Every structure is written in C-alpha cells, then in structure tokens.
Amino acid sequence: MRYFFQLSDGHVLTDDEGEVFEDLDAAKVEAARIAGEWLRDNADEFAQDGALLVEVLDERRAVLATVAVEADTPTGTVH
C-alpha cells in the first residue's frame, strides 16, 4: 500500500508522492525515521518551538498514525 507523510513543525510539509510499504507498521517506522532526521537537522528550531508531528496518511489522506515529539518544561521539582 502507498503511504504518505505529513510533517508539522509549526509549518505543514506534505508528501505528494508517497512510498509503498508492506504494512502500516513499516510506514510507522519510516515516520519515526523522518522525525529523527528532522530533529537531527533542526535541533535549534525544535528547542524553540518544542513540537513535531509526523503523520502517516493513506491514499485518501486519512491519518492512520502519528509520531509526536514534544519538549516540555517541567512544572514540578525533580528529585
């Protein structure tokens, strides 16, 4: 099946070509790789914004899975 990826970091980047994967699990692994590569290349931007979403979409562009990475400031005391 062909899966598409949509990356959101405050701006939305949409994959118009997609890629064929054996199943949704394989597409989710690719979404995690996309997130990791983006974080490696955009660490400073992530440190400021603190949020990244990579969505796995089907051919109708329905969201099937989401990889979400967030950086939060702790509100409690760390021991």
# chains A, B, ... in the order shown; residues from 1 in each chain; ligands from 1
call {"tool": "select_by_dssp", "arguments": {"residues": "range 13-72 of chain A", "states": "helix (DSSP H, G or I)", "output": "list in words"}}
result
Leu24, Asp25, Ala26, Ala27, Lys28, Val29, Glu30, Ala31, Ala32, Arg33, Ile34, Ala35, Gly36, Glu37, Trp38, Leu39, Arg40, Asp41, Ala43, Asp44, Glu45, Phe46, Ala47, Gln48 and Asp49 of chain A
call {"tool": "residues_around", "arguments": {"residues": "range 56-61 of chain A", "least_positions_apart": "3", "cutoff": "9 Å", "atoms": "only C-alpha atoms", "output": "VMD selection string"}}
result
chain A and resid 1 to 6 18 24 27 to 28 31 64 to 67
call {"tool": "select_by_dssp", "arguments": {"residues": "chain A", "states": "strand (DSSP E or B)", "output": "PyMOL selection string"}}
result
chain A and resi 2-8+12-14+19-20+51-57+63-70
call {"tool": "closest_residue", "arguments": {"among": "A:Glu70, A:Val12, A:Thr75, A:Val54", "to": "Ile34 in chain A", "atoms": "only C-alpha atoms"}}
result
A:Val54
call {"tool": "atom_distance", "arguments": {"atom1": "CA of Ala68 in chain A", "atom2": "CA of Gly10 in chain A"}}
result
12.9 Å
call {"tool": "residues_around", "arguments": {"residues": "Gly50 in chain A", "least_positions_apart": "5", "cutoff": "10 Å", "atoms": "only C-alpha atoms", "output": "ChimeraX atom specification"}}
result
/A:9-10,43-45,69-73
call {"tool": "residues_around", "arguments": {"residues": "Ala35 in chain A", "least_positions_apart": "2", "cutoff": "8 Å", "atoms": "only C-alpha atoms", "output": "PyMOL selection string"}}
result
chain A and resi 31-33+37-39+52-54+67
call {"tool": "closest_residue", "arguments": {"among": "A:Glu55, A:Pro74, A:Glu30, A:Val63", "to": "Leu13 in chain A", "atoms": "only C-alpha atoms"}}
result
A:Glu55
call {"tool": "atom_distance", "arguments": {"atom1": "CA of Phe21 in chain A", "atom2": "CA of Asp41 in chain A"}}
result
24.8 Å
